[in-house]
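**Student:** Here's a structure for you.
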Amino acid sequence: MGASIQINGITHQFSPKGEVVLQDLMMDIGAGSNIALIGESGCGKSTLLHMLAGLLIPSEGCVKINGRQVTRAHPEWNMMFQRPGLYPWLNVRQNVALGLQFTGQTQNLKGRIDEMLELVGLRDRSEARIQDLSGGQQQRVALARSLAVEPQMILLDEPFSALDAFTRRNLQLEVSSIARDKGITLVLVTHDIDEALNMGERVVVMGRNPGTFRSIMDIDLSFPRNPMHPAFTEIREDLMDRFRASVETPADSETTGHTSQTPDPKEIANG
Amino acid sequence: MTATTTTPATAGGVEIGHYARRISENLGYPLLGLAILLGFWWLGGYLIASNPSTQAFSAFAPESALPRAWELLWSGTLWDTVHPSLSRIGLGLFWATLVAVPVGILVGSLPVMQKITSFPFQLLRMVSPLAWMPIAVLAFETWDGAIVFLLFMASVWPILFSTAFAVQRIDPMYFKVARNFGASPLASLRRLVIPAVAPDILAGFRLALGIAWVVLVPAEYLGVTSGLGYAINDARDILAYDLLAALVLVIGVIGYVLDAIVVALIRYVGWQGT
C-alpha cells in the first residue's frame with residue numbers, strides 16, 4: 001500500500017536571514033500515484049524531496065505522510081539518489097540487505113534479498129563486488145535496497161541522470177512498473193522532461209526565486225509510454241511551454257500551484 | 001598476405017616465459033636484495049676482522065652469526081627470549097588500538113573535537129616515546145608495565161591520526177544513505193564507520209607496529225631480565241658478538257613477519273582503490 005502525502009504550506013530558508021528557497025507549497029499526493037517534479041536548477045525540487053524523506057525539516061509548514069507529520073527519516077519512505085551510494089566494502093547481496101539491517105528487520109533476510117535481486121534482474125550477480133558493476137547495475141542494486149524494506153513511497157532524486165540513454169529508459173520503465181505493481185507512491189525529481197513523461201502520472205513544474213509550484217499537469221497516457229506516440233509528443237510540447245513559462249515568469253506574478261488529488265479535467269486540458 | 005597462427009608449442013613457450021617472469025619478480029628480486037645485504041654484511045665483517053683495532057668484534061660477521069642464529073633457533077632458547085617481547089608489544093598495541101580507534105572516530109566525526117585536540121595531540125606526538133621513560137618508571141609498579149606504556153605511547157598516535165583522517169574522508173553520501181534508512185548512530189557506527197575506516201586503521205596499525213618494534217629494544221634495556229632488548233644488552237656485556245648479530249637478525253626477521261601479517265590483513269579488509 002502506497003503512502004499518501006500532504007504538503008502543507010511549506011516555506012523554507014536554510015538560515016533565518018537567508019533567501020527563501022521554497023514558498024507556500026501546497027499539494028496532496030494520493031497513495032500509489034506517480035508524481036514527477038521538474039524545474040530549472042535551484043528551484044528547490046531536491047530540497048522538497050529531502051523534506052518528503054524526512055531528511056530536512058521545513059522552516060514553516062509541514063509534510064504529512066498518511067496523515068502523520070514527518071519529523072525524521074523513515075525506511076518506509078526512502079530515497080534513491082543520483083549516485084547510488086552503495087557501500088564498496090560490501091558485495092551486491094550485502095548492500096541490498098543494508099536497509100533491512102539498519103532497521104533491524106533481519107528475519108527471512110536471505111529470502112527477501114533473493115526476491116529483490118530477482119526483481120531487479122541481478123540474481124546472478126549477488127556475490128559481485130560493487131566496483132565490478134556498471135552504473136545501471138549499481139542503480140538496480142540501489143533500487144533493490146530501497147524495495148527490500150517494503151517502502152510505501154520511493155523518492156527519486158535524479159537517479160538515472162548519470163546513465164546512458166538506453167539504460168536510463170529501461171530503468172525508468174522498470175521502476176515505474178514495479179511501483180505500480182506494488183502500489184508504491186513514487187515522487188521523481190528530474191531535469192529531463194521525457195523522463196518525467198515516461199514515469200509520472202502527474203507532472204509538476206516548479207519555478208525558482210523562490211521555489212513554487214507553477215503548473216500541474218496530469219498525463220493521461222497509458223503505461224508503458226511511447227515517446228514516439230503523437231499524444232506523447234503533443235504533451236511534451238505543452239509541458240515544454242509550461243517549463244519555459246516557469247523560467248521566464250517571476251514567481252510573484254503566478255499563483256502558487258495548489259491542486260487536489262484529482263485535478264479538474266479542464267485544468268489538465270488547458271494547463 | 002601472410003596469416004600467422006599461434007601453435008601450441010609457441011603458446012606453451014609464452015606461458016613458461018610468463019611464469020618465469022612472475023617467479024623472478026616475486027622471488028628473484030627479493031632474493032637478490034637479500035644477497036646484496038649479505039654481501040655488505042660479509043664485507044663489513046671482513047673489514048672489521050682485517051683491522052687489528054676492531055678484530056675483537058669479528059664475530060659480527062655472517063660466518064659466525066648465521067650458525068649462532070641457527071643454533072639459537074633449534075636450541076629452544078629463542079622462544080624464551082622472543083615471547084616476553086611479543087607479549088609486551090602485543091599489550092602495547094592492544095591498549096593503543098583500544099584508545100586510538102574510539103578517540104580517532106570522535107576526533108574525525110566532530111569538528112569541535114578536532115579543533116580542541118589538534119594542538120595537544122600534535123605536541124604529544126612529537127615527544128619521543130623513550131622520553132617518557134622516567135615518567136613510566138615512576139608511574140608503573142613493574143618494569144613490564146613501564147615498557148608497555150612506552151610502547152603504547154609509540155603506537156597510539158599513528159593509529160589515532162589515521163583513524164581520524166579516514167573518518168573525515170568518508171563519503172557524505174554513505175551517511176545520507178544510512179540516515180535515509182533511519183539508521184541509529186550505533187548501527188551507522190557498526191555498519192558504516194568501522195568498515196569504511198578499517199583499512200586505514202590497519203594502515204595506522206602497521207605504522208604503529210613498525211615504530212613500536214623499533215622502540216622495543218631500547219625500552220627493554222629498562223630493568224627487565226627478559227626479551228630481545230635485554231638479550232642484546234646481555235650479549236654485549238658478555239662480549240658474545242655472534243649472539244648479538246644473531247639477535248639483530250632475529251629482530252629483523254620477526255619485524256618483517258609481523259609487518260607481512262598486517263599487510264595481509266590490510267589486503268583482506270581493503271576495499272579502497274579497487
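Letters A, B, ... go to the chains of the C-alpha cells in the order shown; residues in each chain start at 1; ligands are counted from 1 in the same order.
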When DSSP works through the backbone of this structure, what residues of range 27-208 of chain A end up as alpha helix (DSSP H), shown as a count of residues only?
**Tutor:** 70
**Student:** Excluding Val149 in chain A and its own-chain neighbours fewer than 6 positions away, which residues fall within 12 Å of it when counting only C-alpha atoms? Please give them as a list in words.
**Tutor:**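 The residues satisfying every condition are His74, Pro75, Glu76, Trp77, Asn78, Met79, Val96, Ala97, Leu98, Gly99, Leu100, Gln101, Phe102, Thr103, Gly104, Gln105, Thr106, Gln107, Leu109, Arg112, Ile113, Glu115, Met116, Ala142, Leu143 and Ile184 of chain A; Asn180, Phe181 and Gly182 of chain B.
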**Student:** Could you write out the selected residues, including N, CA and C atoms, as a short mmCIF file (atom, residue, chain, number, x, y, z; two decimals), in the first residue's frame?
**Tutor:**
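Result file again-v6.cif:
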```
data_model
loop_
_atom_site.label_atom_id
_atom_site.label_comp_id
_atom_site.auth_asym_id
_atom_site.auth_seq_id
_atom_site.Cartn_x
_atom_site.Cartn_y
_atom_site.Cartn_z
N HIS A 74 12.51 7.80 7.55
CA HIS A 74 11.89 6.52 7.86
C HIS A 74 12.11 5.59 6.67
N PRO A 75 12.51 4.33 6.92
CA PRO A 75 12.80 3.44 5.79
C PRO A 75 11.61 3.21 4.87
N GLU A 76 10.39 3.39 5.37
CA GLU A 76 9.22 3.14 4.52
C GLU A 76 8.98 4.24 3.50
N TRP A 77 9.66 5.36 3.64
CA TRP A 77 9.65 6.34 2.55
C TRP A 77 11.10 6.75 2.32
N ASN A 78 11.75 5.94 1.50
CA ASN A 78 13.18 6.17 1.32
C ASN A 78 13.50 6.73 -0.07
N MET A 79 14.73 7.19 -0.16
CA MET A 79 15.12 8.00 -1.32
C MET A 79 16.19 7.29 -2.14
N VAL A 96 22.14 -4.87 -0.64
CA VAL A 96 20.67 -4.95 -0.68
C VAL A 96 20.12 -5.14 0.74
N ALA A 97 20.90 -5.87 1.56
CA ALA A 97 20.45 -6.16 2.92
C ALA A 97 20.55 -4.94 3.85
N LEU A 98 21.28 -3.94 3.41
CA LEU A 98 21.65 -2.83 4.29
C LEU A 98 20.45 -2.13 4.95
N GLY A 99 19.46 -1.79 4.13
CA GLY A 99 18.29 -1.08 4.67
C GLY A 99 17.60 -1.91 5.74
N LEU A 100 17.51 -3.23 5.48
CA LEU A 100 16.86 -4.13 6.44
C LEU A 100 17.68 -4.20 7.73
N GLN A 101 19.01 -4.26 7.56
CA GLN A 101 19.86 -4.37 8.74
C GLN A 101 19.87 -3.07 9.55
N PHE A 102 19.85 -1.94 8.85
CA PHE A 102 19.81 -0.66 9.55
C PHE A 102 18.55 -0.55 10.42
N THR A 103 17.48 -1.19 9.94
CA THR A 103 16.23 -1.07 10.69
C THR A 103 15.95 -2.30 11.53
N GLY A 104 16.92 -3.20 11.58
CA GLY A 104 16.79 -4.38 12.45
C GLY A 104 15.80 -5.42 11.95
N GLN A 105 15.42 -5.34 10.65
CA GLN A 105 14.48 -6.34 10.11
C GLN A 105 15.27 -7.50 9.49
N THR A 106 15.80 -8.35 10.33
CA THR A 106 16.70 -9.38 9.81
C THR A 106 16.04 -10.76 9.69
N GLN A 107 14.72 -10.81 9.89
CA GLN A 107 14.03 -12.09 9.72
C GLN A 107 13.87 -12.39 8.23
N LEU A 109 15.96 -12.78 5.98
CA LEU A 109 16.80 -11.83 5.23
C LEU A 109 17.18 -12.40 3.86
N ARG A 112 14.33 -12.61 1.33
CA ARG A 112 13.91 -11.26 0.91
C ARG A 112 14.92 -10.68 -0.10
N ILE A 113 16.20 -10.89 0.18
CA ILE A 113 17.23 -10.34 -0.72
C ILE A 113 17.17 -11.05 -2.07
N GLU A 115 14.63 -12.39 -3.45
CA GLU A 115 13.43 -11.92 -4.14
C GLU A 115 13.69 -10.56 -4.81
N MET A 116 14.36 -9.68 -4.08
CA MET A 116 14.64 -8.34 -4.61
C MET A 116 15.63 -8.39 -5.78
N ALA A 142 20.71 -0.30 -5.89
CA ALA A 142 20.12 0.72 -5.01
C ALA A 142 18.59 0.59 -4.98
N LEU A 143 18.02 0.25 -6.13
CA LEU A 143 16.57 0.06 -6.20
C LEU A 143 16.16 -1.15 -5.34
N ILE A 184 3.33 1.37 -4.82
CA ILE A 184 4.22 2.31 -4.11
C ILE A 184 4.05 3.71 -4.69
N ASN B 180 18.83 7.95 5.58
CA ASN B 180 17.66 7.70 4.74
C ASN B 180 16.90 6.45 5.21
N PHE B 181 17.65 5.46 5.71
CA PHE B 181 17.01 4.24 6.19
C PHE B 181 16.75 4.30 7.70
N GLY B 182 16.89 5.49 8.27
CA GLY B 182 16.60 5.69 9.69
C GLY B 182 17.58 4.95 10.60
#
```
**Student:** Using only C-alpha atoms and a cut-off of 7 Å, which residues of chain B sit close to chain A? Please list them as a ChimeraX atom specification.
**Tutor:** /B:173-174,177,179-183,187,271,274
**Student:** Name the residues in contact with Arg208 in chain A at a cut-off of 12 Å, using only C-alpha atoms, excluding same-chain residues fewer than 3 positions from it; report them as a list in words.
**Tutor:**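 Residues near the query, excluding close chain neighbours: Glu19, Val20, Val21, Leu22, Gln23, Ile38, Gly39, Glu40, Ser41, Gly42, Cys43, Gly44, Lys45, Val205, Gly211, Thr212, Phe213, Arg214, Phe243, Ala245, Ser246, Val247, Glu248, Thr249, Pro250, Ala251, Asp252, Glu254 and Thr256 of chain A.
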**Student:** Can you tell me how far CA of Asp241 in chain A sits from CA of Pro227 in chain A, in Å to one decimal?
**Tutor:**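 These atoms are spaced 17.5 Å apart.
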**Student:** For Val99 in chain B, list every protein, DNA or RNA residue within 10 Å, evaluated using only C-alpha atoms, and leave out those in the same chain fewer than 6 positions away; present the list as a PyMOL selection string.
**Tutor:** chain B and resi 93+152+156-157+159-160
